[in-house]
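Source file: target-v8.cif; contents: mmCIF, C-alpha atoms.
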data_structure
loop_
_atom_site.label_atom_id
_atom_site.label_comp_id
_atom_site.auth_asym_id
_atom_site.auth_seq_id
_atom_site.Cartn_x
_atom_site.Cartn_y
_atom_site.Cartn_z
CA MET A 1 0.14 344.28 86.78
CA ASN A 2 1.19 340.82 87.93
CA ALA A 3 -0.48 339.28 84.92
CA SER A 4 1.38 341.52 82.47
CA LEU A 5 4.68 340.84 84.28
CA GLY A 6 3.96 337.13 84.03
CA LEU A 7 3.21 337.47 80.31
CA ALA A 8 6.43 339.44 79.78
CA ILE A 9 8.46 336.76 81.58
CA LEU A 10 6.73 334.05 79.54
CA ALA A 11 7.48 335.92 76.32
CA CYS A 12 11.14 336.30 77.37
CA LEU A 13 11.37 332.58 78.15
CA ILE A 14 9.82 331.64 74.82
CA PHE A 15 12.17 334.00 73.00
CA ALA A 16 15.17 332.54 74.87
CA GLY A 17 13.98 329.05 73.91
CA TRP A 18 13.72 330.11 70.26
CA VAL A 19 17.23 331.55 70.30
CA VAL A 20 18.64 328.38 71.89
CA ARG A 21 16.89 326.20 69.31
CA ALA A 22 18.07 328.32 66.39
CA TYR A 23 21.59 328.20 67.79
CA ARG A 24 21.34 324.42 68.06
CA ALA A 25 20.22 324.20 64.41
CA ILE A 26 23.32 326.13 63.35
CA VAL A 27 25.57 324.00 65.57
CA ARG A 28 23.96 320.84 64.14
CA GLU A 29 24.78 322.05 60.65
CA GLU A 30 28.37 322.83 61.58
CA LYS A 31 28.77 319.43 63.19
CA TRP A 32 28.36 317.34 60.05
CA LEU A 33 29.72 319.80 57.49
CA PRO A 34 33.06 318.45 56.21
CA LYS A 35 36.14 320.66 56.57
CA VAL A 36 36.38 321.09 52.81
CA LEU A 37 32.99 322.80 52.82
CA SER A 38 33.42 324.93 55.93
CA GLY A 39 33.31 328.50 54.69
CA ALA A 40 31.71 327.41 51.42
CA LYS A 41 28.53 329.16 50.32
CA LEU A 42 25.32 327.13 50.28
CA VAL A 43 23.79 328.05 46.93
CA TYR A 44 21.08 325.47 46.25
CA SER A 45 18.83 323.29 48.39
CA GLU A 46 16.25 320.87 46.96
CA GLN A 47 16.73 322.31 43.50
CA LEU A 48 15.78 320.66 40.21
CA PHE A 49 18.28 320.62 37.36
CA SER A 50 18.05 319.28 33.81
CA GLY A 51 20.83 317.64 31.86
CA PRO A 52 22.04 318.61 28.37
CA ALA A 53 19.83 317.85 25.35
CA GLU A 54 21.74 314.68 24.47
CA MET A 55 21.40 313.33 28.03
CA PRO A 56 17.78 313.44 29.25
CA ILE A 57 18.44 313.70 32.98
CA VAL A 58 16.30 315.50 35.53
CA ALA A 59 17.89 315.57 38.96
CA ARG A 60 16.77 316.98 42.28
CA VAL A 61 19.84 317.93 44.26
CA ASP A 62 19.73 318.00 48.05
CA ARG A 63 22.40 320.66 48.47
CA VAL A 64 25.02 322.42 46.40
CA TYR A 65 27.87 324.38 47.97
CA GLN A 66 30.18 326.76 46.14
CA ARG A 67 33.80 327.31 47.01
CA ASP A 68 36.55 328.90 44.91
CA GLY A 69 34.23 328.98 41.91
CA LEU A 70 33.62 325.22 42.01
CA LEU A 71 30.32 323.61 42.97
CA HIS A 72 30.19 320.65 45.36
CA LEU A 73 27.26 318.26 45.68
CA VAL A 74 25.86 316.92 48.94
CA GLU A 75 23.31 314.09 49.03
CA LEU A 76 21.38 313.12 52.14
CA LYS A 77 20.54 309.46 52.74
CA THR A 78 18.53 307.90 55.54
CA ARG A 79 19.80 304.47 56.50
CA ARG A 80 20.92 302.47 59.49
CA SER A 81 24.33 301.54 58.09
CA THR A 82 26.92 304.11 57.09
CA THR A 83 27.70 302.33 53.82
CA VAL A 84 27.80 304.25 50.57
CA TYR A 85 26.43 302.22 47.66
CA GLU A 86 27.14 302.27 43.95
CA THR A 87 23.66 303.71 43.42
CA ASP A 88 24.62 306.77 45.49
CA VAL A 89 27.63 307.38 43.26
CA ILE A 90 25.55 306.95 40.09
CA GLU A 91 22.85 309.28 41.42
CA LEU A 92 25.36 311.98 42.33
CA SER A 93 27.16 311.56 39.01
CA ALA A 94 23.91 312.11 37.12
CA GLN A 95 23.22 315.15 39.33
CA ARG A 96 26.69 316.48 38.50
CA VAL A 97 25.97 316.29 34.76
CA ALA A 98 22.62 318.06 35.21
CA VAL A 99 23.97 320.81 37.51
CA GLN A 100 26.92 321.47 35.21
CA ALA A 101 24.63 321.70 32.17
CA SER A 102 22.09 323.96 33.89
CA THR A 103 24.45 326.38 35.62
CA GLY A 104 27.46 326.32 33.30
CA ILE A 105 29.67 326.16 36.40
CA ASP A 106 32.14 323.34 36.97
CA VAL A 107 31.06 320.76 39.53
CA GLY A 108 33.75 318.91 41.47
CA LEU A 109 34.30 315.20 40.84
CA GLY A 110 34.33 314.69 44.59
CA ALA A 111 30.99 314.84 46.40
CA PHE A 112 29.62 314.03 49.85
CA VAL A 113 26.98 311.60 51.03
CA VAL A 114 25.48 312.52 54.41
CA ILE A 115 24.00 309.42 56.02
CA GLU A 116 21.48 310.11 58.77
CA HIS A 117 20.36 307.33 61.10
CA PRO A 118 16.54 307.28 61.10
CA VAL A 119 16.29 306.71 64.85
CA THR A 120 19.26 308.43 66.48
CA GLY A 121 19.47 311.24 63.90
CA ARG A 122 23.26 310.94 63.93
CA ARG A 123 24.91 312.05 60.71
CA HIS A 124 27.98 310.55 59.06
CA VAL A 125 29.64 312.11 56.05
CA ARG A 126 31.33 310.04 53.35
CA ALA A 127 33.33 311.53 50.50
CA VAL A 128 32.83 309.82 47.15
CA ALA A 129 34.51 310.06 43.74
CA LEU A 130 31.98 310.58 40.95
CA LEU A 131 31.82 309.16 37.45
CA THR A 132 32.84 311.41 34.59
CA GLU A 133 30.34 312.68 32.04
CA ASP A 134 31.46 310.02 29.52
CA GLN A 135 30.96 307.26 32.07
CA VAL A 136 27.44 308.53 32.83
CA ALA A 137 26.70 308.56 29.09
CA LEU A 138 27.91 304.96 28.78
CA LEU A 139 25.80 303.95 31.74
CA MET A 140 22.74 305.49 30.10
CA GLU A 141 23.58 303.68 26.88
CA ARG A 142 23.82 300.40 28.76
CA ARG A 143 20.48 301.07 30.46
CA ARG A 144 18.81 301.76 27.11
CA ALA A 145 20.30 298.54 25.68
CA ILE A 146 19.05 296.47 28.62
CA ILE A 147 15.55 297.92 28.37
CA ALA A 148 15.53 297.29 24.62
CA GLY A 149 16.46 293.65 25.30
CA LEU A 150 19.86 293.91 23.62
CA LEU A 151 21.89 293.17 26.72
CA ARG A 152 21.45 290.62 29.47
CA PRO A 153 21.08 292.50 32.76
CA LEU A 154 23.44 291.67 35.59
CA GLU A 155 22.07 290.44 38.87
CA THR A 156 23.07 292.05 42.14
CA ASP A 157 25.83 290.24 44.01
CA ILE A 158 24.46 291.34 47.40
CA PRO A 159 22.23 288.44 48.62
CA GLY A 160 20.18 290.60 51.02
CA ARG A 161 18.80 292.58 48.11
CA CYS A 162 17.31 289.49 46.46
CA ALA A 163 15.64 288.40 49.70
CA ASN A 164 13.64 291.64 49.95
CA CYS A 165 13.10 292.25 46.24
CA GLU A 166 9.55 292.93 45.05
CA TYR A 167 10.26 291.11 41.76
CA ARG A 168 11.79 287.97 43.30
CA SER A 169 9.09 285.56 42.09
CA GLU A 170 9.36 286.65 38.43
CA CYS A 171 13.16 286.88 38.63
CA LYS A 172 13.75 283.48 40.22
CA GLY A 173 10.64 281.67 39.05
CA GLU A 174 9.48 281.11 42.62
CA PHE A 175 5.94 280.47 43.88
CA GLY A 176 4.90 279.04 40.54
CA ALA A 177 5.72 282.27 38.69
CA LYS A 178 7.18 281.96 35.22
CA VAL A 179 10.72 283.32 34.87
CA PHE A 180 10.45 286.56 32.97
CA PRO A 181 12.37 286.61 29.67
CA LEU A 182 15.05 289.25 30.06
CA VAL A 183 16.58 289.43 26.61
CA LYS A 184 14.80 289.74 23.29
CA ILE A 185 17.48 290.14 20.67
CA PRO A 186 16.30 291.52 17.34
CA ALA A 187 18.27 290.80 14.17
CA ASN A 188 20.30 294.03 14.24
CA GLY A 189 20.72 293.76 18.03
CA ALA A 190 22.34 290.34 17.69
CA ALA A 191 24.79 291.77 15.19
CA LYS A 192 25.61 294.58 17.60
CA LEU A 193 26.16 292.12 20.43
CA ARG A 194 28.45 289.98 18.32
CA SER A 195 30.53 292.98 17.29
CA GLY A 196 30.59 294.15 20.91
CA THR A 197 29.65 297.74 20.10
CA VAL A 198 27.16 297.93 22.95
CA ARG A 199 28.45 295.64 25.63
CA GLY A 200 32.17 296.16 25.10
CA ARG A 201 32.14 299.93 25.54
CA THR A 202 29.91 300.04 28.58
CA ASP A 203 31.47 297.13 30.41
CA ASP A 204 34.99 298.52 30.12
CA HIS A 205 33.99 301.46 32.27
CA LEU A 206 31.34 300.13 34.54
CA HIS A 207 32.32 296.65 35.62
CA MET B 208 21.31 300.74 37.63
CA GLY B 209 23.95 300.04 40.24
CA TYR B 210 21.43 298.39 42.54
CA CYS B 211 20.37 295.47 40.38
CA GLU B 212 20.03 295.66 36.60
CA LYS B 213 17.52 292.79 36.62
CA LYS B 214 15.31 294.70 39.04
CA MET B 215 15.57 297.83 36.89
CA LEU B 216 14.42 295.88 33.83
CA LEU B 217 11.62 294.05 35.66
CA SER B 218 10.29 297.31 37.09
CA GLN B 219 10.30 298.76 33.55
CA ARG B 220 8.45 295.76 32.15
CA LEU B 221 6.08 294.90 35.01
CA GLY B 222 5.52 298.31 36.55
CA LYS B 223 6.89 299.82 39.72
CA ARG B 224 6.30 297.85 42.91
CA VAL B 225 7.05 299.21 46.35
CA SER B 226 6.89 297.08 49.48
CA SER B 227 5.32 298.42 52.67
CA ASP B 228 8.77 298.52 54.32
CA ARG B 229 10.09 300.66 51.47
CA THR B 230 7.04 302.93 51.66
CA GLU B 231 7.64 303.46 55.36
CA ALA B 232 11.36 304.08 54.83
CA ARG B 233 10.53 306.56 52.07
CA ARG B 234 8.13 308.42 54.37
CA GLU B 235 10.87 308.71 56.99
CA GLY B 236 13.29 309.86 54.34
CA VAL B 237 10.92 312.58 53.11
CA ALA B 238 10.48 313.92 56.66
CA ILE B 239 14.25 313.98 57.23
CA HIS B 240 14.82 315.68 53.87
CA ARG B 241 12.28 318.35 54.83
CA THR B 242 14.20 319.04 58.03
CA PHE B 243 17.47 319.11 56.09
CA HIS B 244 15.96 321.66 53.69
CA ARG B 245 14.65 323.81 56.54
CA ASP B 246 18.06 323.74 58.19
CA ALA B 247 19.52 324.92 54.88
CA ILE B 248 17.15 327.88 54.85
CA ALA B 249 17.95 328.61 58.50
CA VAL B 250 21.69 328.88 57.83
CA ALA B 251 21.42 330.43 54.36
CA PRO B 252 18.15 332.36 53.92
CA ASN B 253 19.03 333.30 50.31
CA VAL B 254 19.58 329.73 49.18
CA ARG B 255 17.93 328.95 45.83
CA SER B 256 15.40 326.13 45.67
CA SER B 257 12.68 324.67 43.44
CA GLU B 258 10.68 323.78 46.52
CA VAL B 259 7.87 326.12 47.52
CA LYS B 260 9.70 327.94 50.25
CA PRO B 261 7.70 327.58 53.43
CA TRP B 262 8.71 331.06 54.48
CA CYS B 263 5.81 331.54 56.89
CA PHE B 264 7.04 328.56 58.84
CA ILE B 265 5.16 329.24 62.05
CA ALA B 266 1.86 330.32 60.47
CA SER B 267 2.04 327.39 58.03
CA GLU B 268 2.63 325.05 60.95
CA LEU B 269 -0.23 326.53 62.98
CA PHE B 270 -2.87 327.25 60.36
CA GLY B 271 -1.75 325.53 57.14
CA GLN B 272 -0.09 327.02 54.05
CA THR B 273 -3.27 328.23 52.40
CA ALA B 274 -5.14 329.53 55.47
CA TRP B 275 -6.25 333.18 55.54
CA GLU B 276 -4.13 333.80 58.64
CA THR B 277 -0.99 332.63 56.80
CA SER B 278 -1.92 334.72 53.75
CA ALA B 279 -2.46 337.81 55.92
CA LEU B 280 0.92 337.44 57.64
CA ARG B 281 2.61 336.79 54.28
CA MET B 282 0.99 339.90 52.78
CA TRP B 283 2.09 341.96 55.77
CA ARG B 284 5.64 340.71 55.27
CA ASP B 285 5.63 341.56 51.54
CA ARG B 286 3.73 344.84 51.61
CA VAL B 287 4.91 346.37 54.87
CA LEU B 288 8.02 344.76 56.33
CA ARG B 289 9.92 344.34 53.07
CA GLN B 290 9.65 348.08 52.32
CA HIS B 291 11.99 349.10 55.19
CA ALA B 292 15.51 348.13 56.20
CA ILE B 293 14.41 347.26 59.75
CA GLY B 294 11.61 345.10 58.36
CA ARG B 295 14.02 343.28 56.06
CA ALA B 296 16.36 342.66 59.00
CA PHE B 297 13.40 341.26 60.92
CA ILE B 298 12.51 338.97 57.99
CA GLY B 299 16.12 337.73 57.90
CA ALA B 300 16.09 336.98 61.62
CA TYR B 301 12.70 335.32 61.27
CA TYR B 302 13.89 333.04 58.45
CA ARG B 303 16.84 332.06 60.58
CA HIS B 304 14.91 331.21 63.74
CA SER B 305 11.42 330.22 62.68
CA PRO B 306 12.14 326.71 61.28
CA GLY B 307 13.35 325.67 64.74
CA ILE B 308 10.33 327.26 66.39
CA ALA B 309 7.98 325.55 63.93
CA ARG B 310 9.62 322.20 64.67
CA TRP B 311 9.25 322.80 68.40
CA LEU B 312 5.60 323.77 67.99
CA ARG B 313 4.94 320.59 66.01
CA ARG B 314 6.02 318.54 68.99
CA HIS B 315 4.15 320.56 71.64
CA ARG B 316 0.39 320.43 71.27
CA ARG B 317 -0.44 322.90 74.03
CA ALA B 318 2.09 325.47 72.88
CA ARG B 319 0.66 325.14 69.37
CA ALA B 320 -2.85 325.81 70.65
CA LEU B 321 -1.64 328.82 72.68
CA ALA B 322 0.30 330.24 69.72
CA ARG B 323 -2.76 329.81 67.52
CA VAL B 324 -4.89 331.75 70.02
CA LEU B 325 -2.28 334.54 70.15
CA LEU B 326 -1.57 334.75 66.44
CA ARG B 327 -5.11 334.60 65.07
CA PRO B 328 -6.20 338.02 66.44
CA LEU B 329 -2.89 339.51 65.24
CA ALA B 330 -3.50 338.10 61.75
CA ALA B 331 -7.06 339.48 61.82
CA VAL B 332 -5.85 342.96 62.80
CA LEU B 333 -3.14 342.92 60.13
CA LYS B 334 -5.62 341.77 57.50
CA TRP B 335 -8.01 344.56 58.47
CA CYS B 336 -5.19 347.15 58.32
CA LEU B 337 -3.99 345.85 54.94
CA ASP B 338 -7.50 345.87 53.49
CA ARG B 339 -8.03 349.45 54.64
CA HIS B 340 -4.69 351.15 54.08
CA VAL B 341 -2.65 349.36 51.43
CA SER B 342 -3.43 350.16 47.84
CA PRO B 343 -3.76 347.30 45.32
CA ARG B 344 -0.54 348.57 43.66
CA GLY B 345 1.40 347.02 46.53
CA VAL B 346 0.34 343.54 45.54
CA GLY B 347 3.08 341.24 44.40
CA ARG B 348 5.92 343.63 45.13
#
The structure in this file should be written as structure tokens.
Amino acid sequence: MNASLGLAILACLIFAGWVVRAYRAIVREEKWLPKVLSGAKLVYSEQLFSGPAEMPIVARVDRVYQRDGLLHLVELKTRRSTTVYETDVIELSAQRVAVQASTGIDVGLGAFVVIEHPVTGRRHVRAVALLTEDQVALLMERRRAIIAGLLRPLETDIPGRCANCEYRSECKGEFGAKVFPLVKIPANGAAKLRSGTVRGRTDDHLH
Amino acid sequence: MGYCEKKMLLSQRLGKRVSSDRTEARREGVAIHRTFHRDAIAVAPNVRSSEVKPWCFIASELFGQTAWETSALRMWRDRVLRQHAIGRAFIGAYYRHSPGIARWLRRHRRARALARVLLRPLAAVLKWCLDRHVSPRGVGR
């Protein structure tokens, strides 16, 4: 009898613990959720989307909320600083193009980056303005041109990035490594560069 | 792009390189994303996702996703619980609370062992019942 009473009490305690933990999870969610999204419906989590045929993008979106018929993107980042980088904006902008193409529903040009500290677990939310579809297309065009050797790639202006870069020796010619040739301009590429059809259009929007 | 165009080009030409610091940071990031995804399921059980939904959170945590115990509990959910309104309500409540429980179990070794001892006979009984009483037509419903 005592044993069964003990088991029942244990079960009740475990159940109470579960309820408290579940409640905490919900509170934790409410804590970081920006006011704009409170009351919005969470429609996607860790979902893959593909871009339109002319823009080969595959994007995995952390979360998508829907409010008043408009979709809003949320991206989670783990870092010690609460800074939002240009890469975050580009990533979210590409996601926006893919989500819009896959669902046919408009995605807001404003999105949110949730930055979680890896040690404390504290979350900060930053609102960001995304690039338009045309700007993403231009960025892709610029990327293709750089890879093809038609454009000289720009170097980061943040010194800390160079210090920890895995390609530093080839980039800077350090430790006896030969500096890697970055541009190989074919005959038609040189003509394009001179006329500014590649560089001019992309640079106007992106730099 | 956006980070460093030179790095983007060099990684294209020389192959992707990842430092040990980056690998560690990525591992942390994956774990935090998993928690973020589980929280999403806890607050919105009907959320759509391309991830394999770890619906049997507790059994997956205790026995692994492909273990027979997890399969038995999953079958019981699909073939028995899902057929009734009360069962569906239970599934909803379970989806809401179980990610937190699974997380707690992951941190508590003894509790995990105790839960395994308690759940294994239950899974065995359910498997036996399902094998005996549920027709094959119920599969996949």
Next item on the list: Apply the PyMOL selection byres ((chain A) within 8 of (chain B)) to the structure shown and report the selected residues as a ChimeraX atom specification.
Entry: /A:18-19,21-22,25-26,29,42-48,62,76-78,86-87,90,118,143,146-147,153-156,165-167,171,182
Margin query: Quick check on the file I pasted: which residues fall under the PyMOL selection byres ((chain A and resi 113) around 6)? Write them as an NGL selection string.
Written below: :A and (74-76 or 112 or 114 or 125-126)
Now that the selection is made, can you save its residues with C-alpha atoms as a PDB file, keeping the file's coordinate frame?
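Result file follows (again38.pdb):
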ATOM      1  CA  VAL A  74      25.860 316.920  48.940  1.00  0.00           C
ATOM      2  CA  GLU A  75      23.310 314.090  49.030  1.00  0.00           C
ATOM      3  CA  LEU A  76      21.380 313.120  52.140  1.00  0.00           C
ATOM      4  CA  PHE A 112      29.620 314.030  49.850  1.00  0.00           C
ATOM      5  CA  VAL A 114      25.480 312.520  54.410  1.00  0.00           C
ATOM      6  CA  VAL A 125      29.640 312.110  56.050  1.00  0.00           C
ATOM      7  CA  ARG A 126      31.330 310.040  53.350  1.00  0.00           C
TER       8      ARG A 126
END
Item checked: the PyMOL selection byres ((chain A and resi 96-110) around 6) applied to the shown file, residues as a count of residues only -> 14
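The space between CA of Gln290 (chain B) and CA of Gly271 (chain B) spans 25.7 Å.
Distance-wise, CA of Pro34 (chain A) and CA of His124 (chain A) end up 9.8 Å apart.
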